[in-house]
$ cat protein06.cif   # mmCIF, C-alpha atoms (C1' of nucleotides)
data_query
loop_
_atom_site.label_atom_id
_atom_site.label_comp_id
_atom_site.auth_asym_id
_atom_site.auth_seq_id
_atom_site.Cartn_x
_atom_site.Cartn_y
_atom_site.Cartn_z
CA MET L 1 -39.99 1.37 47.24
CA PRO L 2 -40.27 -2.25 46.09
CA ARG L 3 -39.05 -4.88 48.46
CA ARG L 4 -37.01 -6.85 45.92
CA HIS L 5 -33.30 -6.42 45.47
CA ARG L 6 -32.66 -2.74 45.07
CA ARG L 7 -29.27 -2.98 43.45
CA GLY L 8 -27.95 -3.93 40.05
CA HIS L 9 -25.13 -6.39 39.69
CA ALA L 10 -21.90 -4.50 39.42
CA TRP L 11 -18.99 -6.51 38.05
CA TRP L 12 -17.25 -6.58 41.39
CA HIS L 13 -20.18 -8.16 43.27
CA GLY L 14 -19.02 -11.59 42.21
CA LYS L 15 -15.56 -10.93 43.56
CA PHE L 16 -17.02 -9.92 46.91
CA GLN L 17 -19.02 -13.08 47.10
CA GLY L 18 -16.06 -15.14 46.06
CA TYR L 19 -14.24 -13.88 49.12
CA GLY L 20 -17.25 -14.53 51.33
CA TYR L 21 -17.99 -10.87 51.90
CA LYS L 22 -21.50 -9.50 51.89
CA ILE L 23 -22.61 -6.71 49.62
CA THR L 24 -23.83 -3.87 51.74
CA ALA L 25 -24.98 -0.32 51.10
CA SER L 26 -21.83 1.10 52.74
CA ARG L 27 -19.57 -0.96 50.57
CA GLU L 28 -21.38 0.12 47.44
CA ILE L 29 -21.00 3.73 48.46
CA VAL L 30 -17.28 3.43 49.15
CA PHE L 31 -16.68 1.60 45.90
CA GLY L 32 -18.75 4.15 44.03
CA ILE L 33 -16.77 7.03 45.46
CA LEU L 34 -13.48 5.43 44.43
CA ALA L 35 -14.84 4.66 40.99
CA GLY L 36 -16.06 8.21 40.54
CA SER L 37 -12.84 9.92 41.49
CA GLU L 38 -9.75 10.53 39.42
CA LYS L 39 -7.53 11.15 42.39
CA HIS L 40 -6.04 9.08 45.15
CA LEU L 41 -8.26 9.65 48.17
CA SER L 42 -7.51 9.42 51.85
CA ALA L 43 -9.83 7.56 54.20
CA GLU L 44 -11.07 10.89 55.44
CA ASP L 45 -11.76 12.16 51.92
CA ILE L 46 -13.89 9.10 51.37
CA TYR L 47 -15.56 9.45 54.74
CA ILE L 48 -16.64 13.00 53.99
CA LYS L 49 -18.14 12.05 50.64
CA ALA L 50 -19.79 8.94 52.06
CA HIS L 51 -21.16 10.85 55.00
CA ALA L 52 -22.79 13.32 52.61
CA MET L 53 -24.61 10.44 50.93
CA ASN L 54 -25.50 8.66 54.14
CA PRO L 55 -24.70 10.28 57.47
CA ALA L 56 -25.07 6.97 59.27
CA ILE L 57 -21.82 5.66 57.82
CA GLY L 58 -18.96 5.61 60.31
CA MET L 59 -15.25 6.05 59.86
CA THR L 60 -14.58 2.52 61.04
CA THR L 61 -16.60 1.13 58.18
CA ILE L 62 -14.63 3.18 55.68
CA TYR L 63 -11.38 1.70 56.94
CA ARG L 64 -12.76 -1.79 57.07
CA THR L 65 -14.11 -1.55 53.56
CA LEU L 66 -10.84 -0.16 52.23
CA ASP L 67 -9.01 -3.01 53.92
CA ILE L 68 -11.04 -5.70 52.25
CA LEU L 69 -10.93 -3.92 48.92
CA THR L 70 -7.16 -3.83 49.25
CA GLU L 71 -7.07 -7.47 50.25
CA MET L 72 -9.09 -8.36 47.16
CA ARG L 73 -6.73 -6.22 45.11
CA LEU L 74 -9.53 -4.04 43.81
CA VAL L 75 -7.79 -1.11 45.45
CA ASN L 76 -4.19 -0.04 45.82
CA LYS L 77 -3.03 1.63 48.98
CA PHE L 78 -0.32 4.29 48.73
CA ASP L 79 1.82 6.21 51.13
CA PHE L 80 3.07 9.60 50.04
CA GLY L 81 4.84 10.35 53.28
CA ASP L 82 2.38 12.78 54.80
CA GLY L 83 1.10 10.43 57.46
CA ARG L 84 -2.10 9.27 55.84
CA ALA L 85 -2.69 6.49 53.37
CA ARG L 86 -4.29 7.05 49.95
CA TYR L 87 -6.48 4.67 48.08
CA GLU L 88 -7.14 4.23 44.41
CA LEU L 89 -9.05 1.71 42.34
CA THR L 90 -6.69 -0.80 40.75
CA GLU L 91 -8.41 -0.52 37.42
CA GLY L 92 -10.73 2.10 36.02
CA PRO L 93 -13.66 1.44 33.70
CA LYS L 94 -11.29 0.95 30.75
CA GLY L 95 -8.82 -1.32 32.46
CA ALA L 96 -5.75 -0.48 34.45
CA LEU L 97 -4.73 3.14 34.14
CA HIS L 98 -1.02 2.82 34.63
CA HIS L 99 0.64 5.79 36.20
CA HIS L 100 3.22 6.70 38.79
CA HIS L 101 3.94 9.57 41.10
CA LEU L 102 6.24 12.51 41.51
CA ILE L 103 6.19 13.58 45.14
CA CYS L 104 7.44 16.93 46.31
CA THR L 105 9.20 16.41 49.61
CA SER L 106 8.73 20.04 50.50
CA CYS L 107 5.02 20.70 49.96
CA ASN L 108 3.84 17.07 49.57
CA ARG L 109 2.24 17.79 46.22
CA VAL L 110 1.76 14.68 44.12
CA ILE L 111 1.95 14.73 40.35
CA ASP L 112 0.68 11.72 38.46
CA TYR L 113 2.54 10.98 35.30
CA THR L 114 1.89 8.56 32.51
CA ASP L 115 4.91 9.40 30.39
CA PHE L 116 7.50 6.78 29.51
CA ILE L 117 5.10 4.16 30.77
CA ASP L 118 5.36 1.90 27.74
CA GLU L 119 9.09 1.34 28.02
CA GLU L 120 8.67 1.05 31.74
CA VAL L 121 6.02 -1.61 31.48
CA GLU L 122 8.25 -3.61 29.21
CA LEU L 123 11.13 -3.51 31.66
CA LEU L 124 8.95 -4.13 34.67
CA THR L 125 7.33 -7.12 33.09
CA ARG L 126 10.74 -8.60 32.50
CA THR L 127 11.91 -7.70 35.99
CA GLU L 128 8.82 -9.07 37.63
CA LYS L 129 9.22 -12.32 35.76
CA GLY L 130 12.83 -12.58 36.83
CA LEU L 131 12.13 -11.79 40.45
CA THR L 132 9.21 -14.15 40.59
CA GLY L 133 11.47 -16.91 39.35
CA LYS L 134 14.41 -16.17 41.58
CA TYR L 135 12.63 -15.55 44.86
CA ASN L 136 9.41 -17.44 44.20
CA PHE L 137 7.64 -14.22 45.08
CA LYS L 138 4.21 -13.73 43.51
CA ILE L 139 3.94 -10.09 42.46
CA PHE L 140 0.56 -8.42 42.21
CA HIS L 141 1.36 -4.79 42.15
CA HIS L 142 4.25 -2.39 41.98
CA LEU L 143 4.97 1.13 43.00
CA ILE L 144 7.29 3.66 41.44
CA GLN L 145 7.71 7.04 43.01
CA PHE L 146 10.15 9.85 42.36
CA TYR L 147 10.95 12.22 45.18
CA GLY L 148 12.18 15.73 44.75
CA LEU L 149 11.20 19.37 44.59
CA CYS L 150 8.35 20.67 42.48
CA ASP L 151 8.62 23.74 40.32
CA LYS L 152 7.19 26.00 42.99
CA CYS L 153 9.34 24.73 45.86
CA GLN L 154 12.54 25.04 43.87
CA LYS L 155 11.89 28.75 43.64
CA GLY L 156 10.97 29.38 47.26
CA GLN L 157 13.79 27.16 48.42
CA ASP L 158 13.83 28.69 51.85
CA ASN L 159 10.97 26.88 53.58
CA MET B 1 40.87 11.81 78.51
CA PRO B 2 42.42 14.87 76.87
CA ARG B 3 40.28 17.93 76.71
CA ARG B 4 40.84 18.66 73.01
CA HIS B 5 38.46 17.66 70.28
CA ARG B 6 37.59 14.03 70.83
CA ARG B 7 36.30 13.25 67.36
CA GLY B 8 37.85 12.79 63.96
CA HIS B 9 36.44 14.49 60.93
CA ALA B 10 34.03 12.19 59.22
CA TRP B 11 33.20 13.12 55.63
CA TRP B 12 29.67 14.12 56.53
CA HIS B 13 30.71 16.68 59.15
CA GLY B 14 31.14 19.31 56.48
CA LYS B 15 27.66 18.68 55.19
CA PHE B 16 26.25 19.17 58.67
CA GLN B 17 28.04 22.44 59.03
CA GLY B 18 26.96 23.55 55.58
CA TYR B 19 23.38 23.20 56.71
CA GLY B 20 24.10 25.04 59.93
CA TYR B 21 23.67 21.99 62.13
CA LYS B 22 25.94 21.23 65.03
CA ILE B 23 27.87 18.02 65.34
CA THR B 24 26.84 16.35 68.54
CA ALA B 25 27.53 13.04 70.21
CA SER B 26 23.95 11.87 69.60
CA ARG B 27 24.16 12.63 65.93
CA GLU B 28 27.41 10.77 65.60
CA ILE B 29 25.88 7.78 67.30
CA VAL B 30 22.81 7.74 65.04
CA PHE B 31 24.91 8.15 61.93
CA GLY B 32 27.25 5.42 63.09
CA ILE B 33 24.40 3.01 63.67
CA LEU B 34 23.03 3.61 60.20
CA ALA B 35 26.47 3.26 58.68
CA GLY B 36 27.07 0.02 60.53
CA SER B 37 23.86 -1.69 59.54
CA GLU B 38 23.00 -3.46 56.32
CA LYS B 39 19.29 -3.29 56.89
CA HIS B 40 16.67 -0.58 56.84
CA LEU B 41 16.10 0.32 60.47
CA SER B 42 13.07 1.77 62.19
CA ALA B 43 13.40 4.69 64.58
CA GLU B 44 12.89 2.26 67.43
CA ASP B 45 15.60 -0.09 66.15
CA ILE B 46 17.97 2.82 66.16
CA TYR B 47 16.80 3.99 69.56
CA ILE B 48 17.51 0.61 71.10
CA LYS B 49 21.03 0.50 69.69
CA ALA B 50 21.72 4.11 70.60
CA HIS B 51 20.38 3.63 74.08
CA ALA B 52 22.77 0.74 74.59
CA MET B 53 25.68 3.03 73.74
CA ASN B 54 24.40 5.98 75.73
CA PRO B 55 21.31 5.57 77.89
CA ALA B 56 20.86 9.33 78.11
CA ILE B 57 19.79 9.54 74.49
CA GLY B 58 16.08 10.04 74.01
CA MET B 59 13.64 8.93 71.35
CA THR B 60 12.91 12.51 70.36
CA THR B 61 16.52 13.04 69.42
CA ILE B 62 16.48 9.95 67.24
CA TYR B 63 13.53 11.28 65.29
CA ARG B 64 14.97 14.75 65.04
CA THR B 65 18.32 13.45 63.84
CA LEU B 66 16.68 11.20 61.27
CA ASP B 67 14.67 14.16 60.04
CA ILE B 68 17.68 16.33 59.41
CA LEU B 69 19.62 13.46 57.87
CA THR B 70 16.70 12.93 55.52
CA GLU B 71 16.51 16.64 54.77
CA MET B 72 20.22 16.63 53.90
CA ARG B 73 19.59 13.57 51.76
CA LEU B 74 22.13 11.52 53.66
CA VAL B 75 19.32 9.14 54.55
CA ASN B 76 16.34 7.75 52.69
CA LYS B 77 13.07 7.19 54.47
CA PHE B 78 10.90 4.26 53.42
CA ASP B 79 7.43 3.05 54.16
CA PHE B 80 6.75 -0.65 53.87
CA GLY B 81 3.16 -0.42 54.94
CA ASP B 82 3.49 -1.70 58.50
CA GLY B 83 2.93 1.63 60.17
CA ARG B 84 6.49 2.58 60.94
CA ALA B 85 9.05 4.31 58.78
CA ARG B 86 12.45 2.77 57.93
CA TYR B 87 15.68 4.61 57.40
CA GLU B 88 18.73 3.76 55.37
CA LEU B 89 21.90 5.61 54.47
CA THR B 90 21.71 6.98 50.95
CA GLU B 91 25.16 5.74 50.14
CA GLY B 92 27.37 3.19 51.78
CA PRO B 93 31.14 3.38 52.09
CA LYS B 94 31.58 2.40 48.45
CA GLY B 95 28.97 4.73 46.99
CA ALA B 96 25.29 4.26 46.39
CA LEU B 97 24.20 0.67 46.82
CA HIS B 98 21.28 0.57 44.47
CA HIS B 99 18.58 -1.83 45.41
CA HIS B 100 14.82 -2.13 45.60
CA HIS B 101 12.28 -4.02 47.63
CA LEU B 102 9.89 -6.92 47.39
CA ILE B 103 7.29 -6.56 50.10
CA CYS B 104 5.09 -9.42 51.21
CA THR B 105 1.65 -8.00 51.88
CA SER B 106 0.82 -10.92 54.10
CA CYS B 107 3.75 -11.15 56.54
CA ASN B 108 5.40 -7.78 55.77
CA ARG B 109 8.70 -9.43 55.03
CA VAL B 110 10.98 -7.27 52.91
CA ILE B 111 13.42 -8.73 50.41
CA ASP B 112 16.07 -6.46 48.98
CA TYR B 113 17.02 -7.23 45.45
CA THR B 114 19.77 -5.93 43.24
CA ASP B 115 18.95 -7.98 40.18
CA PHE B 116 18.08 -6.31 36.89
CA ILE B 117 19.33 -3.07 38.35
CA ASP B 118 21.55 -2.16 35.44
CA GLU B 119 18.79 -2.12 32.86
CA GLU B 120 16.59 -0.42 35.37
CA VAL B 121 19.05 2.34 36.06
CA GLU B 122 19.32 3.03 32.37
CA LEU B 123 15.57 3.40 31.99
CA LEU B 124 15.20 5.37 35.18
CA THR B 125 17.86 7.82 34.18
CA ARG B 126 16.08 8.43 30.94
CA THR B 127 12.70 8.69 32.68
CA GLU B 128 14.02 11.04 35.31
CA LYS B 129 15.51 13.28 32.68
CA GLY B 130 12.25 13.35 30.77
CA LEU B 131 10.14 14.05 33.82
CA THR B 132 12.48 16.73 35.05
CA GLY B 133 12.14 18.50 31.72
CA LYS B 134 8.40 18.15 31.38
CA TYR B 135 7.34 19.05 34.91
CA ASN B 136 10.37 21.04 35.99
CA PHE B 137 10.56 18.70 38.93
CA LYS B 138 13.99 18.21 40.49
CA ILE B 139 14.35 14.53 41.35
CA PHE B 140 16.68 13.43 44.12
CA HIS B 141 15.59 9.94 44.84
CA HIS B 142 13.29 7.24 43.61
CA LEU B 143 11.52 4.27 45.04
CA ILE B 144 10.57 1.01 43.40
CA GLN B 145 8.67 -1.59 45.34
CA PHE B 146 6.95 -4.77 44.28
CA TYR B 147 4.08 -6.03 46.38
CA GLY B 148 2.97 -9.61 46.53
CA LEU B 149 3.21 -12.85 48.42
CA CYS B 150 6.48 -14.37 49.53
CA ASP B 151 7.27 -18.03 49.12
CA LYS B 152 6.12 -18.91 52.61
CA CYS B 153 2.84 -17.00 52.48
CA GLN B 154 1.85 -18.51 49.15
CA LYS B 155 1.89 -21.92 50.81
CA GLY B 156 0.00 -21.01 53.96
CA GLN B 157 -2.47 -18.99 51.91
CA ASP B 158 -5.07 -19.09 54.65
CA ASN B 159 -3.89 -16.40 57.05
"C1'" DT P 1 40.61 29.70 78.06
"C1'" DT P 2 36.50 31.82 79.32
"C1'" DT P 3 32.30 33.85 78.06
"C1'" DT P 4 28.33 34.32 75.24
"C1'" DT P 5 24.96 32.94 72.14
"C1'" DT P 6 22.01 29.91 70.23
"C1'" DA P 7 20.99 25.30 68.82
"C1'" DA P 8 20.24 20.65 70.71
"C1'" DT P 9 18.43 17.72 74.12
"C1'" DG P 10 15.26 14.87 77.09
"C1'" DA P 11 11.10 14.32 79.71
"C1'" DT P 12 6.66 14.47 78.96
"C1'" DA P 13 2.35 15.70 76.97
"C1'" DA P 14 -0.26 16.00 72.89
"C1'" DT P 15 -1.57 14.70 68.24
"C1'" DG P 16 -3.81 12.10 64.89
"C1'" DG P 17 -4.35 8.29 61.83
"C1'" DT P 18 -5.76 3.78 62.42
"C1'" DT P 19 -7.49 -0.38 64.90
"C1'" DG P 20 -9.97 -3.00 68.65
"C1'" DT P 21 -14.28 -3.81 71.34
"C1'" DC P 22 -18.90 -4.88 71.76
"C1'" DA P 23 -23.77 -4.41 71.61
"C1'" DT P 24 -26.93 -3.87 67.78
"C1'" DT P 25 -28.32 -4.31 63.03
"C1'" DT P 26 -28.35 -6.32 58.52
"C1'" DA P 27 -27.54 -9.50 54.50
"C1'" DC P 28 -28.82 -13.48 52.79
"C1'" DA P 29 -29.29 -18.58 53.12
"C1'" DA P 30 -32.44 -21.98 54.64
"C1'" DT F 1 -40.16 -15.67 57.06
"C1'" DT F 2 -36.71 -16.88 60.02
"C1'" DG F 3 -32.05 -17.99 61.77
"C1'" DT F 4 -27.37 -16.93 61.98
"C1'" DA F 5 -23.10 -15.13 61.08
"C1'" DA F 6 -21.16 -11.07 59.23
"C1'" DA F 7 -21.28 -6.01 59.20
"C1'" DT F 8 -21.95 -1.79 61.50
"C1'" DG F 9 -21.31 2.45 64.47
"C1'" DA F 10 -20.04 4.60 68.70
"C1'" DC F 11 -16.37 4.92 71.27
"C1'" DA F 12 -12.14 3.71 73.48
"C1'" DA F 13 -7.53 2.31 72.82
"C1'" DC F 14 -3.26 2.19 70.34
"C1'" DC F 15 1.02 3.71 68.95
"C1'" DA F 16 4.21 6.11 65.87
"C1'" DT F 17 5.40 10.61 65.55
"C1'" DT F 18 5.51 15.63 66.87
"C1'" DA F 19 5.19 19.77 69.92
"C1'" DT F 20 6.47 22.05 74.25
"C1'" DC F 21 9.67 23.88 77.32
"C1'" DA F 22 13.11 24.15 80.77
"C1'" DT F 23 17.91 22.64 80.75
"C1'" DT F 24 22.34 21.56 78.62
"C1'" DA F 25 25.96 21.71 75.33
"C1'" DA F 26 28.35 23.18 70.86
"C1'" DA F 27 30.90 26.42 68.84
"C1'" DA F 28 31.59 31.42 68.05
"C1'" DA F 29 33.40 35.47 70.22
"C1'" DA F 30 36.13 37.64 73.41
#
$ encode --input "protein06.cif" --output "structure tokens"
Amino acid sequence: MPRRHRRGHAWWHGKFQGYGYKITASREIVFGILAGSEKHLSAEDIYIKAHAMNPAIGMTTIYRTLDILTEMRLVNKFDFGDGRARYELTEGPKGALHHHHLICTSCNRVIDYTDFIDEEVELLTRTEKGLTGKYNFKIFHHLIQFYGLCDKCQKGQDN
Amino acid sequence: MPRRHRRGHAWWHGKFQGYGYKITASREIVFGILAGSEKHLSAEDIYIKAHAMNPAIGMTTIYRTLDILTEMRLVNKFDFGDGRARYELTEGPKGALHHHHLICTSCNRVIDYTDFIDEEVELLTRTEKGLTGKYNFKIFHHLIQFYGLCDKCQKGQDN
DNA sequence: TTTTTTAATGATAATGGTTGTCATTTACAA
DNA sequence: TTGTAAATGACAACCATTATCATTAAAAAA
């Protein structure tokens, strides 16, 4: 294997450097896993995948990497109420994929939805602008979640 | 003190009984604390207040009571990302007090806002109806949170 | 009221996701 | 190629929350 730089220059490398963070093999792996997954992953999900690619990677590194990715706003961190955080790339290859969540409070299933998003975006943009003005709060990200019972849990109401 | 029933009949007593739960002194205290507070309280916040009123009350009971209140949808449970859940009565004395949250990702400060709620409610109602139809998901509660930097943290950007 | 039944409670231990510590390794600038 | 500060992994610690279990109390039955 040649000794020169093994890696290409992914678009996010610049952002890393801008924040003073080094580009390491672990970080590429974690980013790659997030980029290659449709779903919101837990730290453990990511750890398992990363470990399969390189067993030397430790759990601590996964958390640390997710933290800095979140800090740089490349990743959004979610809580669905089941005691573990989920992580998701802020934008996919074709820009932000705007969606929200329906969370079943009985079985913890999460349904992503993208319906009604256009009207929503319009309202949110207006709201964000208003809130930013009133409270001088700089908004980077928002979260909308609906809680209730999924199809299945409505039927077997008795759990 | 007379030996007959010491308590009045708060409106939520019936709901407790409907679910088969007993009305106990601890549960009245927890409910009272939630009803008497404007803010979203953590389990520990509630424990401290409850303990002041009756030192025999244990942390476990606080959690258990909050769980059943949440199950009965008398209480909403929130996560602001600081590792502890917050609890808030679903409706105040004068009905649901609809508000949402601005969360500072730097200092974890939470600002409640009630601005723009009217337009929001209109859209949400429509969205909820649509989602309920499409996914057969029964929605009880929703959450809107904006994440960003509060006034203070924008200035001292360096923490 | 008294008794009976069963849920609720509190002390305490256990769980489990996440974070801190520290010696070692690595990225990358000089 | 070398120097240096950041990154890493193993492991311990943390801490909010949950499980266990013997005891107590609510409310139904007598």
$ interface_residues --input "protein06.cif" --of "chain L" --to "chain B" --cutoff "7 Å" --atoms "all atoms listed in the file" --output "PyMOL selection string"
chain L and resi 116+127+136-151
$ residues_around --input "protein06.cif" --residues "DA23 in chain P" --least-positions-apart "2" --cutoff "12 Å" --atoms "only C-alpha atoms (C1' of nucleotides)" --output "JSON, numbers by chain"
{"P": [21, 25], "F": [8, 9, 10, 11]}
$ resolve_selection --input "protein06.cif" --expression "the PyMOL selection byres ((chain F and resi 2) around 9)" --output "MDAnalysis selection string"
(chainID P and resid 30) or (chainID F and resid 1 3)
$ calpha_fit_and_write --input "protein06.cif" --fixed "chain B" --moving "chain L" --output "tab-separated table (two decimals) with C-alpha atoms, in the coordinates of the input"
chain	number	residue	atom	x	y	z
L	1	MET	CA	40.64	12.29	78.66
L	2	PRO	CA	42.19	15.24	76.81
L	3	ARG	CA	40.12	18.34	76.52
L	4	ARG	CA	40.71	18.92	72.80
L	5	HIS	CA	38.30	17.80	70.13
L	6	ARG	CA	37.55	14.18	70.77
L	7	ARG	CA	36.28	13.30	67.34
L	8	GLY	CA	37.81	12.74	63.95
L	9	HIS	CA	36.43	14.44	60.89
L	10	ALA	CA	34.02	12.13	59.19
L	11	TRP	CA	33.19	13.04	55.60
L	12	TRP	CA	29.68	14.07	56.50
L	13	HIS	CA	30.73	16.64	59.12
L	14	GLY	CA	31.17	19.23	56.41
L	15	LYS	CA	27.67	18.60	55.13
L	16	PHE	CA	26.27	19.12	58.61
L	17	GLN	CA	28.06	22.39	58.96
L	18	GLY	CA	26.98	23.46	55.52
L	19	TYR	CA	23.39	23.15	56.67
L	20	GLY	CA	24.13	25.00	59.89
L	21	TYR	CA	23.69	21.96	62.08
L	22	LYS	CA	25.99	21.22	64.98
L	23	ILE	CA	27.89	17.99	65.32
L	24	THR	CA	26.87	16.34	68.52
L	25	ALA	CA	27.57	13.02	70.19
L	26	SER	CA	23.98	11.84	69.59
L	27	ARG	CA	24.18	12.61	65.92
L	28	GLU	CA	27.44	10.74	65.58
L	29	ILE	CA	25.90	7.74	67.27
L	30	VAL	CA	22.83	7.71	65.04
L	31	PHE	CA	24.91	8.11	61.92
L	32	GLY	CA	27.27	5.40	63.08
L	33	ILE	CA	24.43	2.98	63.67
L	34	LEU	CA	23.04	3.58	60.19
L	35	ALA	CA	26.48	3.23	58.67
L	36	GLY	CA	27.10	-0.01	60.51
L	37	SER	CA	23.89	-1.71	59.52
L	38	GLU	CA	23.00	-3.49	56.31
L	39	LYS	CA	19.29	-3.31	56.89
L	40	HIS	CA	16.67	-0.62	56.86
L	41	LEU	CA	16.10	0.29	60.50
L	42	SER	CA	13.08	1.74	62.22
L	43	ALA	CA	13.42	4.65	64.62
L	44	GLU	CA	12.93	2.23	67.46
L	45	ASP	CA	15.63	-0.12	66.18
L	46	ILE	CA	18.01	2.81	66.18
L	47	TYR	CA	16.84	3.97	69.58
L	48	ILE	CA	17.56	0.59	71.13
L	49	LYS	CA	21.07	0.47	69.70
L	50	ALA	CA	21.76	4.09	70.60
L	51	HIS	CA	20.43	3.61	74.09
L	52	ALA	CA	22.84	0.71	74.59
L	53	MET	CA	25.74	3.02	73.74
L	54	ASN	CA	24.46	5.96	75.73
L	55	PRO	CA	21.35	5.57	77.87
L	56	ALA	CA	20.91	9.32	78.06
L	57	ILE	CA	19.79	9.51	74.44
L	58	GLY	CA	16.05	10.04	74.03
L	59	MET	CA	13.65	8.92	71.37
L	60	THR	CA	12.92	12.49	70.37
L	61	THR	CA	16.53	13.03	69.45
L	62	ILE	CA	16.51	9.93	67.26
L	63	TYR	CA	13.57	11.27	65.29
L	64	ARG	CA	15.01	14.73	65.05
L	65	THR	CA	18.33	13.43	63.85
L	66	LEU	CA	16.70	11.18	61.27
L	67	ASP	CA	14.68	14.14	60.05
L	68	ILE	CA	17.69	16.30	59.41
L	69	LEU	CA	19.61	13.43	57.88
L	70	THR	CA	16.69	12.91	55.54
L	71	GLU	CA	16.51	16.61	54.79
L	72	MET	CA	20.20	16.59	53.90
L	73	ARG	CA	19.58	13.53	51.76
L	74	LEU	CA	22.13	11.47	53.65
L	75	VAL	CA	19.31	9.11	54.56
L	76	ASN	CA	16.32	7.73	52.71
L	77	LYS	CA	13.07	7.18	54.52
L	78	PHE	CA	10.89	4.24	53.47
L	79	ASP	CA	7.43	3.03	54.21
L	80	PHE	CA	6.75	-0.66	53.89
L	81	GLY	CA	3.16	-0.43	55.00
L	82	ASP	CA	3.49	-1.74	58.53
L	83	GLY	CA	2.95	1.58	60.23
L	84	ARG	CA	6.52	2.53	60.98
L	85	ALA	CA	9.07	4.27	58.82
L	86	ARG	CA	12.46	2.74	57.96
L	87	TYR	CA	15.67	4.57	57.42
L	88	GLU	CA	18.72	3.73	55.39
L	89	LEU	CA	21.89	5.57	54.48
L	90	THR	CA	21.69	6.95	50.95
L	91	GLU	CA	25.15	5.73	50.13
L	92	GLY	CA	27.35	3.15	51.78
L	93	PRO	CA	31.13	3.35	52.09
L	94	LYS	CA	31.53	2.37	48.42
L	95	GLY	CA	28.96	4.71	46.99
L	96	ALA	CA	25.28	4.21	46.44
L	97	LEU	CA	24.19	0.62	46.86
L	98	HIS	CA	21.27	0.54	44.51
L	99	HIS	CA	18.54	-1.86	45.44
L	100	HIS	CA	14.79	-2.14	45.64
L	101	HIS	CA	12.25	-4.04	47.64
L	102	LEU	CA	9.87	-6.93	47.39
L	103	ILE	CA	7.26	-6.58	50.10
L	104	CYS	CA	5.04	-9.41	51.20
L	105	THR	CA	1.61	-7.99	51.89
L	106	SER	CA	0.77	-10.93	54.09
L	107	CYS	CA	3.68	-11.18	56.53
L	108	ASN	CA	5.35	-7.81	55.78
L	109	ARG	CA	8.67	-9.46	55.02
L	110	VAL	CA	10.94	-7.30	52.90
L	111	ILE	CA	13.37	-8.75	50.40
L	112	ASP	CA	16.04	-6.49	48.99
L	113	TYR	CA	16.99	-7.24	45.45
L	114	THR	CA	19.74	-5.95	43.26
L	115	ASP	CA	18.91	-7.94	40.15
L	116	PHE	CA	18.07	-6.24	36.87
L	117	ILE	CA	19.33	-3.02	38.36
L	118	ASP	CA	21.57	-2.09	35.45
L	119	GLU	CA	18.81	-2.03	32.87
L	120	GLU	CA	16.61	-0.34	35.40
L	121	VAL	CA	19.10	2.41	36.09
L	122	GLU	CA	19.37	3.08	32.40
L	123	LEU	CA	15.63	3.46	32.01
L	124	LEU	CA	15.22	5.45	35.18
L	125	THR	CA	17.92	7.86	34.21
L	126	ARG	CA	16.13	8.50	30.96
L	127	THR	CA	12.77	8.77	32.69
L	128	GLU	CA	14.06	11.09	35.35
L	129	LYS	CA	15.57	13.33	32.71
L	130	GLY	CA	12.30	13.43	30.82
L	131	LEU	CA	10.20	14.13	33.87
L	132	THR	CA	12.56	16.78	35.11
L	133	GLY	CA	12.23	18.53	31.77
L	134	LYS	CA	8.49	18.23	31.44
L	135	TYR	CA	7.42	19.12	34.95
L	136	ASN	CA	10.46	21.10	36.06
L	137	PHE	CA	10.62	18.72	38.99
L	138	LYS	CA	14.06	18.21	40.53
L	139	ILE	CA	14.40	14.52	41.37
L	140	PHE	CA	16.72	13.40	44.14
L	141	HIS	CA	15.62	9.92	44.87
L	142	HIS	CA	13.30	7.23	43.65
L	143	LEU	CA	11.54	4.26	45.08
L	144	ILE	CA	10.56	1.02	43.42
L	145	GLN	CA	8.65	-1.58	45.35
L	146	PHE	CA	6.92	-4.76	44.28
L	147	TYR	CA	4.05	-6.02	46.37
L	148	GLY	CA	2.92	-9.59	46.53
L	149	LEU	CA	3.15	-12.85	48.42
L	150	CYS	CA	6.42	-14.39	49.52
L	151	ASP	CA	7.23	-18.04	49.08
L	152	LYS	CA	6.07	-18.92	52.57
L	153	CYS	CA	2.77	-17.03	52.44
L	154	GLN	CA	1.80	-18.52	49.11
L	155	LYS	CA	1.84	-21.91	50.75
L	156	GLY	CA	-0.08	-21.03	53.90
L	157	GLN	CA	-2.53	-18.99	51.89
L	158	ASP	CA	-5.14	-19.14	54.58
L	159	ASN	CA	-4.01	-16.42	56.98
$ residues_around --input "protein06.cif" --residues "Thr114 in chain L" --least-positions-apart "3" --cutoff "9 Å" --atoms "all atoms listed in the file" --output "PDB file with C-alpha atoms, in the coordinates of the input"
ATOM      1  CA  LEU L  97      -4.730   3.140  34.140  1.00  0.00           C
ATOM      2  CA  HIS L  98      -1.020   2.820  34.630  1.00  0.00           C
ATOM      3  CA  HIS L  99       0.640   5.790  36.200  1.00  0.00           C
ATOM      4  CA  HIS L 100       3.220   6.700  38.790  1.00  0.00           C
ATOM      5  CA  HIS L 101       3.940   9.570  41.100  1.00  0.00           C
ATOM      6  CA  ILE L 117       5.100   4.160  30.770  1.00  0.00           C
ATOM      7  CA  ASP L 118       5.360   1.900  27.740  1.00  0.00           C
TER       8      ASP L 118
END
